[in-house]
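This is target-v2.cif. It holds mmCIF, C-alpha atoms.
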```cif
data_query
loop_
_atom_site.label_atom_id
_atom_site.label_comp_id
_atom_site.auth_asym_id
_atom_site.auth_seq_id
_atom_site.Cartn_x
_atom_site.Cartn_y
_atom_site.Cartn_z
CA MET A 1 -17.33 14.20 -11.12
CA PRO A 2 -14.65 16.94 -10.85
CA LEU A 3 -11.16 15.87 -9.93
CA PRO A 4 -9.76 17.04 -6.59
CA LYS A 5 -7.52 20.10 -6.75
CA VAL A 6 -4.36 18.06 -6.24
CA SER A 7 -5.13 16.02 -9.38
CA ILE A 8 -5.86 19.15 -11.39
CA ARG A 9 -2.56 20.66 -10.22
CA LEU A 10 -0.76 17.45 -11.18
CA GLY A 11 -2.23 17.60 -14.68
CA ALA A 12 -1.15 21.22 -15.02
CA LEU A 13 2.31 20.33 -13.75
CA ILE A 14 2.72 17.54 -16.33
CA VAL A 15 1.55 19.81 -19.16
CA GLY A 16 4.03 22.42 -17.95
CA LEU A 17 6.85 19.91 -17.86
CA ILE A 18 6.05 18.78 -21.40
CA ALA A 19 5.98 22.36 -22.60
CA THR A 20 9.35 23.03 -20.98
CA ILE A 21 10.88 19.92 -22.52
CA SER A 22 9.48 20.85 -25.92
CA ALA A 23 10.81 24.41 -25.64
CA CYS A 24 14.28 23.09 -24.85
CA SER A 25 14.20 20.41 -27.56
CA THR A 26 16.72 20.45 -30.40
CA THR A 27 14.04 19.27 -32.84
CA SER A 28 13.73 21.50 -35.89
CA SER A 29 11.37 24.45 -35.43
CA THR A 30 9.76 23.60 -38.76
CA SER A 31 8.00 20.63 -37.19
CA THR A 32 4.23 20.98 -37.38
CA GLU A 33 3.61 18.51 -34.54
CA SER A 34 1.82 20.15 -31.62
CA VAL A 35 2.96 19.84 -28.00
CA ASP A 36 -0.53 18.56 -27.24
CA SER A 37 0.15 15.47 -29.36
CA PHE A 38 2.76 14.25 -26.91
CA SER A 39 1.52 12.04 -24.06
CA PRO A 40 3.82 11.81 -21.05
CA ALA A 41 4.71 8.36 -19.82
CA PRO A 42 2.78 7.54 -16.63
CA ILE A 43 4.67 7.80 -13.35
CA VAL A 44 5.56 4.32 -12.10
CA VAL A 45 4.62 3.53 -8.51
CA GLY A 46 5.44 0.20 -6.91
CA SER A 47 2.68 -1.19 -4.73
CA LEU A 48 3.69 -3.94 -2.31
CA ALA A 49 0.74 -5.54 -0.54
CA ALA A 50 -0.10 -8.92 0.93
CA ALA A 51 -2.42 -10.70 -1.49
CA THR A 52 -1.74 -14.03 0.19
CA GLY A 53 -0.70 -15.19 3.65
CA SER A 54 -1.59 -13.93 7.10
CA GLY A 55 -1.63 -10.26 6.08
CA ALA A 56 -3.97 -10.67 3.11
CA THR A 57 -6.94 -9.41 5.18
CA TYR A 58 -5.21 -6.04 5.27
CA GLY A 59 -3.27 -6.14 2.01
CA ILE A 60 -6.23 -6.75 -0.28
CA SER A 61 -8.08 -3.75 1.19
CA GLN A 62 -4.93 -1.66 0.93
CA GLN A 63 -4.43 -2.61 -2.72
CA ARG A 64 -8.05 -1.82 -3.55
CA GLY A 65 -7.76 1.61 -1.97
CA ILE A 66 -4.61 2.34 -3.96
CA ALA A 67 -6.19 1.20 -7.23
CA LEU A 68 -9.33 3.26 -6.61
CA ALA A 69 -7.33 6.42 -5.91
CA VAL A 70 -5.22 5.97 -9.02
CA ASN A 71 -8.32 5.39 -11.16
CA THR A 72 -10.29 8.35 -9.77
CA LEU A 73 -7.64 10.92 -8.87
CA ALA A 74 -4.52 10.48 -10.99
CA ASP A 75 -6.10 11.19 -14.40
CA GLY A 76 -3.89 8.59 -16.12
CA ALA A 77 -0.68 10.06 -14.70
CA ILE A 78 0.24 7.04 -12.52
CA LYS A 79 0.95 3.44 -13.46
CA VAL A 80 0.86 1.12 -10.47
CA VAL A 81 3.02 -2.00 -10.64
CA THR A 82 1.78 -4.43 -7.99
CA PHE A 83 3.64 -7.15 -6.12
CA ASP A 84 2.42 -9.70 -3.58
CA ASP A 85 4.67 -9.46 -0.53
CA LEU A 86 3.39 -12.89 0.61
CA SER A 87 2.98 -11.65 4.21
CA THR A 88 6.58 -12.67 4.92
CA ASN A 89 9.83 -10.81 5.41
CA ALA A 90 11.47 -12.71 2.56
CA GLY A 91 8.48 -12.07 0.31
CA ALA A 92 8.50 -8.37 1.11
CA THR A 93 12.23 -8.10 0.41
CA ALA A 94 11.88 -9.92 -2.93
CA ALA A 95 8.86 -7.78 -3.87
CA MET A 96 10.77 -4.61 -3.02
CA ALA A 97 13.72 -5.69 -5.19
CA SER A 98 11.35 -6.41 -8.08
CA ALA A 99 9.56 -3.09 -7.62
CA LEU A 100 12.83 -1.14 -7.58
CA ALA A 101 13.87 -2.84 -10.82
CA ASN A 102 10.97 -0.99 -12.49
CA ASP A 103 12.54 2.43 -11.70
CA PRO A 104 9.59 3.70 -9.66
CA SER A 105 9.10 7.25 -8.46
CA ALA A 106 7.86 5.91 -5.11
CA ILE A 107 6.83 2.75 -3.29
CA VAL A 108 3.66 2.13 -1.27
CA GLY A 109 3.90 -0.78 1.19
CA PRO A 110 4.71 -3.53 2.17
CA THR A 111 1.64 -4.42 4.23
CA LEU A 112 3.09 -5.82 7.47
CA SER A 113 5.45 -3.85 9.70
CA SER A 114 7.92 -6.71 9.98
CA GLY A 115 8.08 -7.00 6.19
CA ALA A 116 8.61 -3.26 5.89
CA ALA A 117 11.44 -3.39 8.42
CA ALA A 118 13.13 -6.02 6.26
CA ALA A 119 12.42 -4.48 2.84
CA ASP A 120 12.46 -0.71 3.29
CA PRO A 121 16.27 -0.49 3.66
CA LEU A 122 16.50 -1.50 -0.02
CA ALA A 123 14.45 1.54 -1.04
CA GLN A 124 16.41 3.74 1.34
CA THR A 125 19.67 2.66 -0.31
CA ALA A 126 18.16 3.15 -3.78
CA GLY A 127 16.94 6.65 -2.90
CA VAL A 128 13.27 5.89 -3.60
CA PRO A 129 10.63 7.29 -1.19
CA VAL A 130 8.39 4.79 0.61
CA LEU A 131 4.89 5.56 1.86
CA ALA A 132 4.05 3.16 4.69
CA ALA A 133 0.28 2.83 4.32
CA SER A 134 -0.28 0.11 6.92
CA ASN A 135 2.84 -0.21 9.10
CA SER A 136 1.56 0.82 12.52
CA THR A 137 4.31 -0.78 14.62
CA VAL A 138 8.10 -0.79 14.54
CA ASP A 139 9.96 2.50 14.23
CA ILE A 140 9.73 2.34 10.44
CA THR A 141 10.79 5.93 9.80
CA ALA A 142 14.03 5.42 11.75
CA ILE A 143 15.23 3.28 8.82
CA GLY A 144 16.08 6.46 6.96
CA ASP A 145 14.91 9.75 5.54
CA MET A 146 13.19 8.13 2.53
CA ILE A 147 10.58 6.39 4.70
CA TRP A 148 7.28 8.19 5.40
CA ARG A 149 4.37 6.80 7.41
CA VAL A 150 0.74 7.35 6.29
CA ILE A 151 -1.01 5.24 8.94
CA LEU A 152 -0.97 6.44 12.52
CA PRO A 153 1.41 4.34 14.65
CA ASP A 154 -0.02 2.06 17.32
CA SER A 155 2.06 4.01 19.84
CA SER A 156 -0.36 6.86 19.11
CA MET A 157 -3.60 4.94 18.54
CA ILE A 158 -3.50 2.43 21.41
CA PRO A 159 -3.18 5.07 24.16
CA GLN A 160 -6.22 6.86 22.72
CA ALA A 161 -8.26 3.66 22.70
CA VAL A 162 -7.28 2.84 26.28
CA ALA A 163 -8.03 6.40 27.43
CA ALA A 164 -11.45 6.43 25.76
CA ALA A 165 -12.39 3.06 27.25
CA ALA A 166 -11.20 4.11 30.73
CA LYS A 167 -13.15 7.35 30.53
CA SER A 168 -16.39 5.45 29.93
CA ASN A 169 -15.77 2.46 32.21
CA PRO A 170 -14.10 1.90 35.59
CA ILE A 171 -10.90 0.09 34.55
CA HIS A 172 -8.33 -0.57 37.27
CA THR A 173 -6.78 -3.82 36.05
CA ALA A 174 -6.28 -5.52 32.71
CA GLY A 175 -5.15 -8.88 31.41
CA MET A 176 -3.24 -9.00 28.15
CA VAL A 177 -2.93 -11.65 25.45
CA TRP A 178 -0.15 -11.31 22.91
CA GLU A 179 1.80 -13.45 20.46
CA PRO A 180 5.60 -13.35 20.98
CA ALA A 181 6.34 -14.89 17.57
CA ASP A 182 4.49 -12.09 15.77
CA SER A 183 6.50 -8.86 15.64
CA TYR A 184 3.33 -6.78 15.23
CA SER A 185 1.84 -8.28 18.39
CA ALA A 186 5.05 -7.88 20.37
CA GLU A 187 5.38 -4.21 19.42
CA ALA A 188 1.69 -3.44 20.03
CA ALA A 189 1.95 -5.08 23.45
CA LYS A 190 4.64 -2.52 24.31
CA SER A 191 2.19 0.26 23.48
CA PHE A 192 -0.44 -1.26 25.79
CA ARG A 193 2.14 -1.54 28.60
CA ALA A 194 3.03 2.13 28.15
CA ALA A 195 -0.58 3.30 27.91
CA ALA A 196 -1.99 1.43 30.93
CA PRO A 197 -0.29 3.38 33.76
CA THR A 198 -1.24 6.72 32.21
CA GLN A 199 -4.87 5.77 32.93
CA GLY A 200 -4.18 4.27 36.36
CA ILE A 201 -4.50 0.74 35.00
CA THR A 202 -2.37 -2.17 36.19
CA ILE A 203 -1.77 -5.05 33.80
CA SER A 204 -2.36 -7.81 36.32
CA SER A 205 -1.55 -10.73 34.03
CA GLU A 206 -0.02 -11.38 30.63
CA ALA A 207 -0.68 -14.57 28.71
CA PRO A 208 1.45 -15.26 25.64
CA TYR A 209 -0.13 -17.24 22.84
CA ILE A 210 2.27 -19.62 21.11
CA ASP A 211 0.75 -21.30 18.08
CA GLY A 212 1.00 -25.06 18.38
CA SER A 213 1.98 -24.98 22.06
CA THR A 214 -0.89 -23.19 23.76
CA THR A 215 -4.63 -23.20 23.22
CA ILE A 216 -6.82 -20.13 22.99
CA ASP A 217 -9.01 -21.33 25.84
CA ALA A 218 -6.01 -21.82 28.16
CA VAL A 219 -4.48 -18.46 27.25
CA LEU A 220 -7.73 -16.60 27.90
CA ALA A 221 -8.17 -18.45 31.20
CA LYS A 222 -4.71 -17.34 32.31
CA ALA A 223 -5.21 -13.75 31.17
CA THR A 224 -8.51 -13.43 33.08
CA ALA A 225 -7.76 -15.56 36.16
CA SER A 226 -7.40 -12.44 38.32
CA LYS A 227 -10.78 -11.16 37.05
CA PRO A 228 -9.41 -7.98 35.44
CA ASP A 229 -11.70 -5.20 34.31
CA ALA A 230 -10.37 -5.19 30.74
CA LEU A 231 -8.67 -7.47 28.26
CA PHE A 232 -5.93 -5.99 26.06
CA LEU A 233 -5.60 -7.78 22.72
CA PRO A 234 -2.56 -6.77 20.65
CA LEU A 235 -3.19 -9.45 18.02
CA ARG A 236 -3.46 -9.67 14.24
CA SER A 237 -6.40 -11.04 12.29
CA ALA A 238 -4.80 -14.46 11.88
CA VAL A 239 -5.81 -15.28 15.48
CA ALA A 240 -7.80 -12.23 16.61
CA SER A 241 -11.13 -13.53 15.34
CA ASP A 242 -10.68 -16.87 17.12
CA PHE A 243 -9.88 -15.10 20.38
CA LEU A 244 -13.03 -12.98 20.13
CA LYS A 245 -15.20 -16.00 19.36
CA THR A 246 -13.71 -18.02 22.22
CA ALA A 247 -14.09 -15.10 24.64
CA ALA A 248 -17.77 -14.87 23.67
CA LYS A 249 -18.24 -18.62 24.08
CA LEU A 250 -16.72 -18.40 27.56
CA ALA A 251 -18.91 -15.35 28.32
CA LEU A 252 -15.90 -13.35 29.51
CA PRO A 253 -17.18 -10.02 30.84
CA GLN A 254 -14.02 -7.97 30.36
CA ILE A 255 -13.97 -4.81 28.24
CA LYS A 256 -11.98 -5.78 25.16
CA ILE A 257 -9.51 -3.31 23.63
CA GLY A 258 -7.59 -4.21 20.48
CA GLY A 259 -4.74 -2.82 18.46
CA ASN A 260 -4.64 -1.92 14.78
CA GLY A 261 -4.70 -5.62 13.88
CA PHE A 262 -8.45 -5.58 14.54
CA ASN A 263 -9.23 -2.78 12.07
CA SER A 264 -10.55 -5.04 9.34
CA MET A 265 -14.04 -5.58 8.00
CA ALA A 266 -13.06 -9.16 7.18
CA LEU A 267 -12.33 -9.75 10.86
CA LEU A 268 -15.75 -8.42 11.84
CA THR A 269 -17.36 -10.73 9.31
CA SER A 270 -15.40 -13.70 10.63
CA ALA A 271 -16.03 -12.97 14.31
CA GLY A 272 -19.69 -12.02 13.86
CA SER A 273 -21.49 -10.97 17.03
CA ALA A 274 -18.47 -12.06 19.09
CA ALA A 275 -16.76 -8.82 18.02
CA ASP A 276 -19.51 -6.62 19.48
CA GLY A 277 -18.16 -4.25 22.10
CA LEU A 278 -14.54 -4.43 20.93
CA ILE A 279 -12.88 -1.01 21.27
CA VAL A 280 -10.03 -0.05 18.94
CA ALA A 281 -8.52 3.16 17.62
CA THR A 282 -8.04 3.68 13.90
CA SER A 283 -6.83 6.11 11.28
CA TRP A 284 -10.29 6.32 9.68
CA ASN A 285 -13.91 5.37 10.30
CA ILE A 286 -16.66 5.01 7.72
CA ALA A 287 -18.86 7.42 9.70
CA GLU A 288 -16.45 10.27 8.91
CA SER A 289 -18.72 12.94 7.46
CA SER A 290 -16.32 14.95 5.29
CA ASP A 291 -17.10 15.27 1.58
CA ALA A 292 -13.81 13.53 0.70
CA SER A 293 -14.61 10.56 2.91
CA SER A 294 -18.21 10.26 1.72
CA GLU A 295 -17.10 10.34 -1.91
CA PHE A 296 -14.45 7.70 -1.21
CA VAL A 297 -17.00 5.39 0.43
CA ALA A 298 -19.44 5.77 -2.47
CA GLN A 299 -16.74 5.09 -5.07
CA TYR A 300 -15.41 2.08 -3.15
CA ARG A 301 -18.87 0.55 -2.83
CA GLU A 302 -19.48 1.04 -6.54
CA ALA A 303 -16.11 -0.48 -7.48
CA TYR A 304 -16.06 -3.45 -5.08
CA GLY A 305 -19.59 -3.94 -3.78
CA ILE A 306 -18.54 -3.76 -0.11
CA ASP A 307 -17.74 -1.11 2.47
CA PRO A 308 -14.13 0.03 2.78
CA ASP A 309 -12.15 -0.35 5.99
CA ALA A 310 -9.30 1.70 7.40
CA PHE A 311 -6.69 -0.18 5.34
CA ALA A 312 -8.47 0.75 2.12
CA ALA A 313 -8.67 4.38 3.25
CA GLN A 314 -4.96 4.38 4.11
CA GLY A 315 -4.05 3.03 0.67
CA TYR A 316 -6.24 5.70 -0.93
CA ALA A 317 -4.66 8.40 1.21
CA ALA A 318 -1.16 7.23 0.27
CA VAL A 319 -1.93 8.08 -3.36
CA GLN A 320 -3.36 11.45 -2.33
CA VAL A 321 -0.14 12.19 -0.43
CA LEU A 322 1.95 11.07 -3.41
CA LEU A 323 0.03 13.34 -5.78
CA GLY A 324 0.50 16.22 -3.36
CA ALA A 325 4.22 15.49 -3.14
CA ILE A 326 4.63 15.41 -6.93
CA THR A 327 2.99 18.80 -7.12
CA ALA A 328 4.94 20.27 -4.20
CA GLY A 329 8.25 18.86 -5.46
CA GLY A 330 7.78 20.06 -9.04
CA GLY A 331 8.18 16.66 -10.71
CA SER A 332 8.02 12.91 -10.49
CA ALA A 333 11.66 11.84 -10.16
CA PRO A 334 12.31 10.14 -6.80
CA THR A 335 14.38 13.14 -5.66
CA GLN A 336 11.52 15.49 -6.54
CA VAL A 337 8.94 13.30 -4.80
CA GLN A 338 11.19 13.23 -1.74
CA GLN A 339 11.50 17.02 -1.78
CA GLY A 340 7.74 17.29 -2.21
CA LEU A 341 7.16 15.10 0.84
CA LYS A 342 9.48 17.33 2.84
CA SER A 343 7.60 20.47 1.78
CA LEU A 344 4.10 18.98 1.65
CA GLY A 345 2.64 21.13 4.43
CA THR A 346 -0.99 20.27 5.22
CA LEU A 347 -3.08 18.31 2.74
CA ASP A 348 -6.77 17.40 2.68
CA THR A 349 -7.10 13.61 2.44
CA VAL A 350 -9.68 10.93 3.10
CA LEU A 351 -8.01 10.57 6.53
CA GLY A 352 -8.51 14.26 7.29
CA ARG A 353 -6.10 17.19 7.39
CA PHE A 354 -2.80 15.41 6.81
CA SER A 355 0.75 16.52 7.55
CA PHE A 356 4.04 14.94 8.59
CA ASP A 357 5.96 15.66 11.78
CA ASP A 358 9.75 15.96 11.91
CA LYS A 359 10.06 12.18 12.24
CA HIS A 360 7.98 11.52 9.10
CA ASN A 361 4.97 10.31 11.09
CA PRO A 362 1.47 11.69 10.35
CA THR A 363 -0.28 14.13 12.67
CA TYR A 364 -4.01 13.76 11.94
CA PRO A 365 -6.24 12.66 14.85
CA ALA A 366 -7.16 9.03 15.50
CA VAL A 367 -10.76 7.81 15.73
CA VAL A 368 -11.77 5.49 18.57
CA GLN A 369 -14.39 3.04 17.40
CA VAL A 370 -16.43 0.15 18.75
CA ALA A 371 -17.59 -2.96 16.91
CA THR A 372 -21.39 -3.04 16.71
CA ASN A 373 -23.58 -5.33 14.63
CA GLY A 374 -20.93 -6.13 12.05
CA THR A 375 -19.51 -2.64 11.60
CA PHE A 376 -17.37 -0.09 13.40
CA ALA A 377 -19.21 2.81 15.03
CA VAL A 378 -17.49 5.86 16.50
CA PHE A 379 -17.10 5.15 20.20
CA GLY A 380 -19.26 7.31 22.43
CA SER A 381 -21.33 8.72 19.61
#
```

The structure in this file should be written as structure tokens.
Amino acid sequence: MPLPKVSIRLGALIVGLIATISACSTTSSTSTESVDSFSPAPIVVGSLAAATGSGATYGISQQRGIALAVNTLADGAIKVVTFDDLSTNAGATAAMASALANDPSAIVGPTLSSGAAAADPLAQTAGVPVLAASNSTVDITAIGDMIWRVILPDSSMIPQAVAAAAKSNPIHTAGMVWEPADSYSAEAAKSFRAAAPTQGITISSEAPYIDGSTTIDAVLAKATASKPDALFLPLRSAVASDFLKTAAKLALPQIKIGGNGFNSMALLTSAGSAADGLIVATSWNIAESSDASSEFVAQYREAYGIDPDAFAAQGYAAVQVLLGAITAGGGSAPTQVQQGLKSLGTLDTVLGRFSFDDKHNPTYPAVVQVATNGTFAVFGS
């Protein structure tokens, strides 16, 4: 299977760098050793992903996508050093410190937005670029110029999901369930509050879920007491599946719209038929028909025996962006990777035609999808 152009360019770049180094070397010209006998050290990339804890549903997929891209695209040029960020702020900060101690050219991760908010300042201070593969909430890129977001932010995806749902269904009112103790949920709730009035929707009731103090049944009863047309669910997988199953048990008729926390195949497996009808926007859907996406899906199935989800695709795309940046920047030092990210332009990735805006957020279009029979189908197709 031929390597993508970006990988071929990377190989040519490394050969060129070796040739340049050899030409400038003070080694005696009588040496008979060929330049081709030198093998460049692989570029070190730190990968911070939740292998344990509440974010593991996302982090394991993310890590698999990264590993697959490195194995199939990098042609031996990248060495990934992985760290479990434990799904906590402290774990993410410790993982970032450990990753930076390995002198990486770039960092991918951490998995959760709150962990990234805590850990990314360390990379910013160290001058190492960070590719945020899964941080859809919090203004991550405002931390500094070294932070670049690969996933679309919820502030972009949630309005598209709400608009698509409202276009297909008469939605005038909505109830919302959110978890104040979870920074992802709190930030995603803000995006729902901003999106609702643009579609003529009034959030008629909000019901906070507080683990240990409120029950799912009681929260859903409060959120739907006014009989709203829709139910907004800015929740993560730790509780999202239970809310879907309880809503199905109670036969709640509301149209259910989730945030990025629902974009997980593991959640669909856990919720089963209770997830059917859930509408959520995403960075990628398995039905994407491009050659790059189809090849990614086939390779992922062969490697792991399951279908990839959006988090796997985002991890894969992060490596594609990194390879493009190394090529555009002319080398693999952190300063060169940073320059390459600045001058990346538009790149073909598994997520589509990828580019960064002036705030280091991506510009490719979101996909609105609906949960159907254990998978995500493109909404309205």

> In file coordinates, which residues lie within 7 Å of (-13.4, -20.5, 27.8) using all atoms listed in the file, given as a ChimeraX atom specification?
Replying inline: /A:217,220-221,246-247,249-250

>> Using all atoms listed in the file, which protein or nucleic acid residues come within 9 Å of range 363-378 of chain A? Drop anything in the same chain fewer than 4 positions from it, and give the result as a PyMOL selection string.
In response: chain A and resi 152+156-157+160-161+164+263+265+268-269+271-273+275-288+351-357

Would you mind exporting C-alpha atoms of the selected residues as a PDB file, in the frame of the given file?
```pdb
ATOM      1  CA  LEU A 152      -0.970   6.440  12.520  1.00  0.00           C
ATOM      2  CA  SER A 156      -0.360   6.860  19.110  1.00  0.00           C
ATOM      3  CA  MET A 157      -3.600   4.940  18.540  1.00  0.00           C
ATOM      4  CA  GLN A 160      -6.220   6.860  22.720  1.00  0.00           C
ATOM      5  CA  ALA A 161      -8.260   3.660  22.700  1.00  0.00           C
ATOM      6  CA  ALA A 164     -11.450   6.430  25.760  1.00  0.00           C
ATOM      7  CA  ASN A 263      -9.230  -2.780  12.070  1.00  0.00           C
ATOM      8  CA  MET A 265     -14.040  -5.580   8.000  1.00  0.00           C
ATOM      9  CA  LEU A 268     -15.750  -8.420  11.840  1.00  0.00           C
ATOM     10  CA  THR A 269     -17.360 -10.730   9.310  1.00  0.00           C
ATOM     11  CA  ALA A 271     -16.030 -12.970  14.310  1.00  0.00           C
ATOM     12  CA  GLY A 272     -19.690 -12.020  13.860  1.00  0.00           C
ATOM     13  CA  SER A 273     -21.490 -10.970  17.030  1.00  0.00           C
ATOM     14  CA  ALA A 275     -16.760  -8.820  18.020  1.00  0.00           C
ATOM     15  CA  ASP A 276     -19.510  -6.620  19.480  1.00  0.00           C
ATOM     16  CA  GLY A 277     -18.160  -4.250  22.100  1.00  0.00           C
ATOM     17  CA  LEU A 278     -14.540  -4.430  20.930  1.00  0.00           C
ATOM     18  CA  ILE A 279     -12.880  -1.010  21.270  1.00  0.00           C
ATOM     19  CA  VAL A 280     -10.030  -0.050  18.940  1.00  0.00           C
ATOM     20  CA  ALA A 281      -8.520   3.160  17.620  1.00  0.00           C
ATOM     21  CA  THR A 282      -8.040   3.680  13.900  1.00  0.00           C
ATOM     22  CA  SER A 283      -6.830   6.110  11.280  1.00  0.00           C
ATOM     23  CA  TRP A 284     -10.290   6.320   9.680  1.00  0.00           C
ATOM     24  CA  ASN A 285     -13.910   5.370  10.300  1.00  0.00           C
ATOM     25  CA  ILE A 286     -16.660   5.010   7.720  1.00  0.00           C
ATOM     26  CA  ALA A 287     -18.860   7.420   9.700  1.00  0.00           C
ATOM     27  CA  GLU A 288     -16.450  10.270   8.910  1.00  0.00           C
ATOM     28  CA  LEU A 351      -8.010  10.570   6.530  1.00  0.00           C
ATOM     29  CA  GLY A 352      -8.510  14.260   7.290  1.00  0.00           C
ATOM     30  CA  ARG A 353      -6.100  17.190   7.390  1.00  0.00           C
ATOM     31  CA  PHE A 354      -2.800  15.410   6.810  1.00  0.00           C
ATOM     32  CA  SER A 355       0.750  16.520   7.550  1.00  0.00           C
ATOM     33  CA  PHE A 356       4.040  14.940   8.590  1.00  0.00           C
ATOM     34  CA  ASP A 357       5.960  15.660  11.780  1.00  0.00           C
TER      35      ASP A 357
END
```

>> Give me, as JSON, numbers by chain, all polymer residues having an atom no more than 10 Å from Ser61 in chain A, counting all atoms listed in the file and skipping those fewer than 3 positions away in the same chain.
In response: {"A": [49, 50, 51, 56, 57, 58, 64, 65, 66, 67, 264, 265, 266, 308, 309, 310, 311, 312, 313, 314, 315, 316]}

Compile a residue-level contact table for range 247-326 of chain A against range 71-82 of chain A at a cut-off of 9 Å, reporting for every qualifying residue the shortest atom pair and its distance in Å to one decimal, with all atoms listed in the file counted, rows ordered by chain and ascending number, as JSON lines.
```
{"residue": "A:Gln299", "atom": "CA", "partner": "A:Thr72", "partner_atom": "CA", "distance": 8.6}
{"residue": "A:Val319", "atom": "CA", "partner": "A:Ala74", "partner_atom": "CA", "distance": 8.4}
{"residue": "A:Gln320", "atom": "CA", "partner": "A:Leu73", "partner_atom": "CA", "distance": 7.8}
{"residue": "A:Leu323", "atom": "CA", "partner": "A:Ala74", "partner_atom": "CA", "distance": 7.5}
```

May I have the residues from that selection written out with C-alpha atoms, as a PDB file, keeping the file's coordinate frame?
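Contents of out_10.pdb, as written:
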```
ATOM      1  CA  GLN A 299     -16.740   5.090  -5.070  1.00  0.00           C
ATOM      2  CA  VAL A 319      -1.930   8.080  -3.360  1.00  0.00           C
ATOM      3  CA  GLN A 320      -3.360  11.450  -2.330  1.00  0.00           C
ATOM      4  CA  LEU A 323       0.030  13.340  -5.780  1.00  0.00           C
TER       5      LEU A 323
END
```

Answer as a PDB file with C-alpha atoms, in the frame of the given file, residues within 10 Å of (-11.9, 20.0, 2.5) using all atoms listed in the file:
```
ATOM      1  CA  PRO A   4      -9.760  17.040  -6.590  1.00  0.00           C
ATOM      2  CA  SER A 290     -16.320  14.950   5.290  1.00  0.00           C
ATOM      3  CA  ASP A 291     -17.100  15.270   1.580  1.00  0.00           C
ATOM      4  CA  ALA A 292     -13.810  13.530   0.700  1.00  0.00           C
ATOM      5  CA  SER A 293     -14.610  10.560   2.910  1.00  0.00           C
ATOM      6  CA  LEU A 347      -3.080  18.310   2.740  1.00  0.00           C
ATOM      7  CA  ASP A 348      -6.770  17.400   2.680  1.00  0.00           C
ATOM      8  CA  THR A 349      -7.100  13.610   2.440  1.00  0.00           C
ATOM      9  CA  VAL A 350      -9.680  10.930   3.100  1.00  0.00           C
ATOM     10  CA  GLY A 352      -8.510  14.260   7.290  1.00  0.00           C
ATOM     11  CA  ARG A 353      -6.100  17.190   7.390  1.00  0.00           C
TER      12      ARG A 353
END
```

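Ranking A:Ile306, A:Asp358, A:Lys342, A:Gly127 by their shortest atom-to-atom distance to Ala142 in chain A, with only C-alpha atoms included, puts A:Asp358 first.
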
> Skipping near chain neighbours, those fewer than 2 positions away, what residues fall within 10 Å of range 196-213 of chain A using only C-alpha atoms, listed as an MDAnalysis selection string?
Replying inline: chainID A and resid 158:159 162:167 170:182 186 189 191:194 215:216 218:232 235 239

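With CA of Pro121 in chain A on one side and CA of Ala92 in chain A on the other, the separation reads 11.4 Å.
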
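Taking CA of Thr137 in chain A as the reference point, CA of Leu122 in chain A is found at 19.1 Å.
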
>> Taking only C-alpha atoms into account, name the residue in A:Gly46, A:Pro362, A:Gly53, A:Pro129 that is nearest to Met96 in chain A.
In response: A:Gly46

Taking the file as I've supplied it (selection: the PyMOL selection byres ((chain A and resi 326-329) around 7)), which residues are included? Please answer as a short mmCIF file (atom, residue, chain, number, x, y, z; two decimals) with C-alpha atoms, in the frame of the given file.
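As written to disk, out_27.cif reads:
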```cif
data_model
loop_
_atom_site.label_atom_id
_atom_site.label_comp_id
_atom_site.auth_asym_id
_atom_site.auth_seq_id
_atom_site.Cartn_x
_atom_site.Cartn_y
_atom_site.Cartn_z
CA ARG A 9 -2.56 20.66 -10.22
CA LEU A 10 -0.76 17.45 -11.18
CA LEU A 13 2.31 20.33 -13.75
CA LEU A 322 1.95 11.07 -3.41
CA LEU A 323 0.03 13.34 -5.78
CA GLY A 324 0.50 16.22 -3.36
CA ALA A 325 4.22 15.49 -3.14
CA GLY A 330 7.78 20.06 -9.04
CA GLY A 331 8.18 16.66 -10.71
CA SER A 332 8.02 12.91 -10.49
CA GLN A 336 11.52 15.49 -6.54
CA VAL A 337 8.94 13.30 -4.80
CA GLN A 339 11.50 17.02 -1.78
CA GLY A 340 7.74 17.29 -2.21
CA SER A 343 7.60 20.47 1.78
CA LEU A 344 4.10 18.98 1.65
#
```

> Which neighbours of Phe262 in chain A fall inside 8 Å, counting all atoms listed in the file, when residues of the same chain fewer than 4 positions from it are skipped, and could you give them as a count of residues only?
Replying inline: 7

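Using all atoms listed in the file for every distance, the candidate list A:Ile255, A:Ala69, A:Ala333, A:Ala274 yields A:Ala274 as the residue closest to Asp242 in chain A.
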
> Can you list what the PyMOL selection byres ((chain A and resi 113) around 6) grabs from this structure, as a list in words?
Replying inline: Leu112, Ser114, Gly115, Ala116, Asn135 and Thr137 of chain A

>> Given all atoms listed in the file as the basis, pick out the residue of A:Gln338, A:Ser168, A:Thr88, A:Thr346 nearest to Ile147 in chain A.
In response: A:Gln338

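The shell of residues at most 9 Å from Ala97 in chain A, with all atoms listed in the file counted and near chain neighbours (fewer than 3 positions) removed, consists of A:Ala92, A:Thr93, A:Ala94, A:Leu100, A:Ala101, A:Ala119, A:Leu122, A:Ala123.
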
> CA of Leu86 in chain A to CA of Ile257 in chain A: how many Å, to one decimal?
Replying inline: 28.1 Å

Using the block above, I'd like range 354-362 of chain A written out, keeping C-alpha atoms and formatting it as a compact mmCIF listing (two decimals), in the first residue's frame.
```
# COMPACT_ATOMS: atom_id res chain seq x y z
CA PHE A 354 -7.81 20.50 7.23
CA SER A 355 -6.47 23.96 8.03
CA PHE A 356 -6.07 26.19 11.08
CA ASP A 357 -7.68 29.58 11.61
CA ASP A 358 -5.88 32.52 13.19
CA LYS A 359 -6.79 31.24 16.67
CA HIS A 360 -5.28 27.79 16.01
CA ASN A 361 -8.69 26.12 15.74
CA PRO A 362 -9.49 23.81 12.79
```
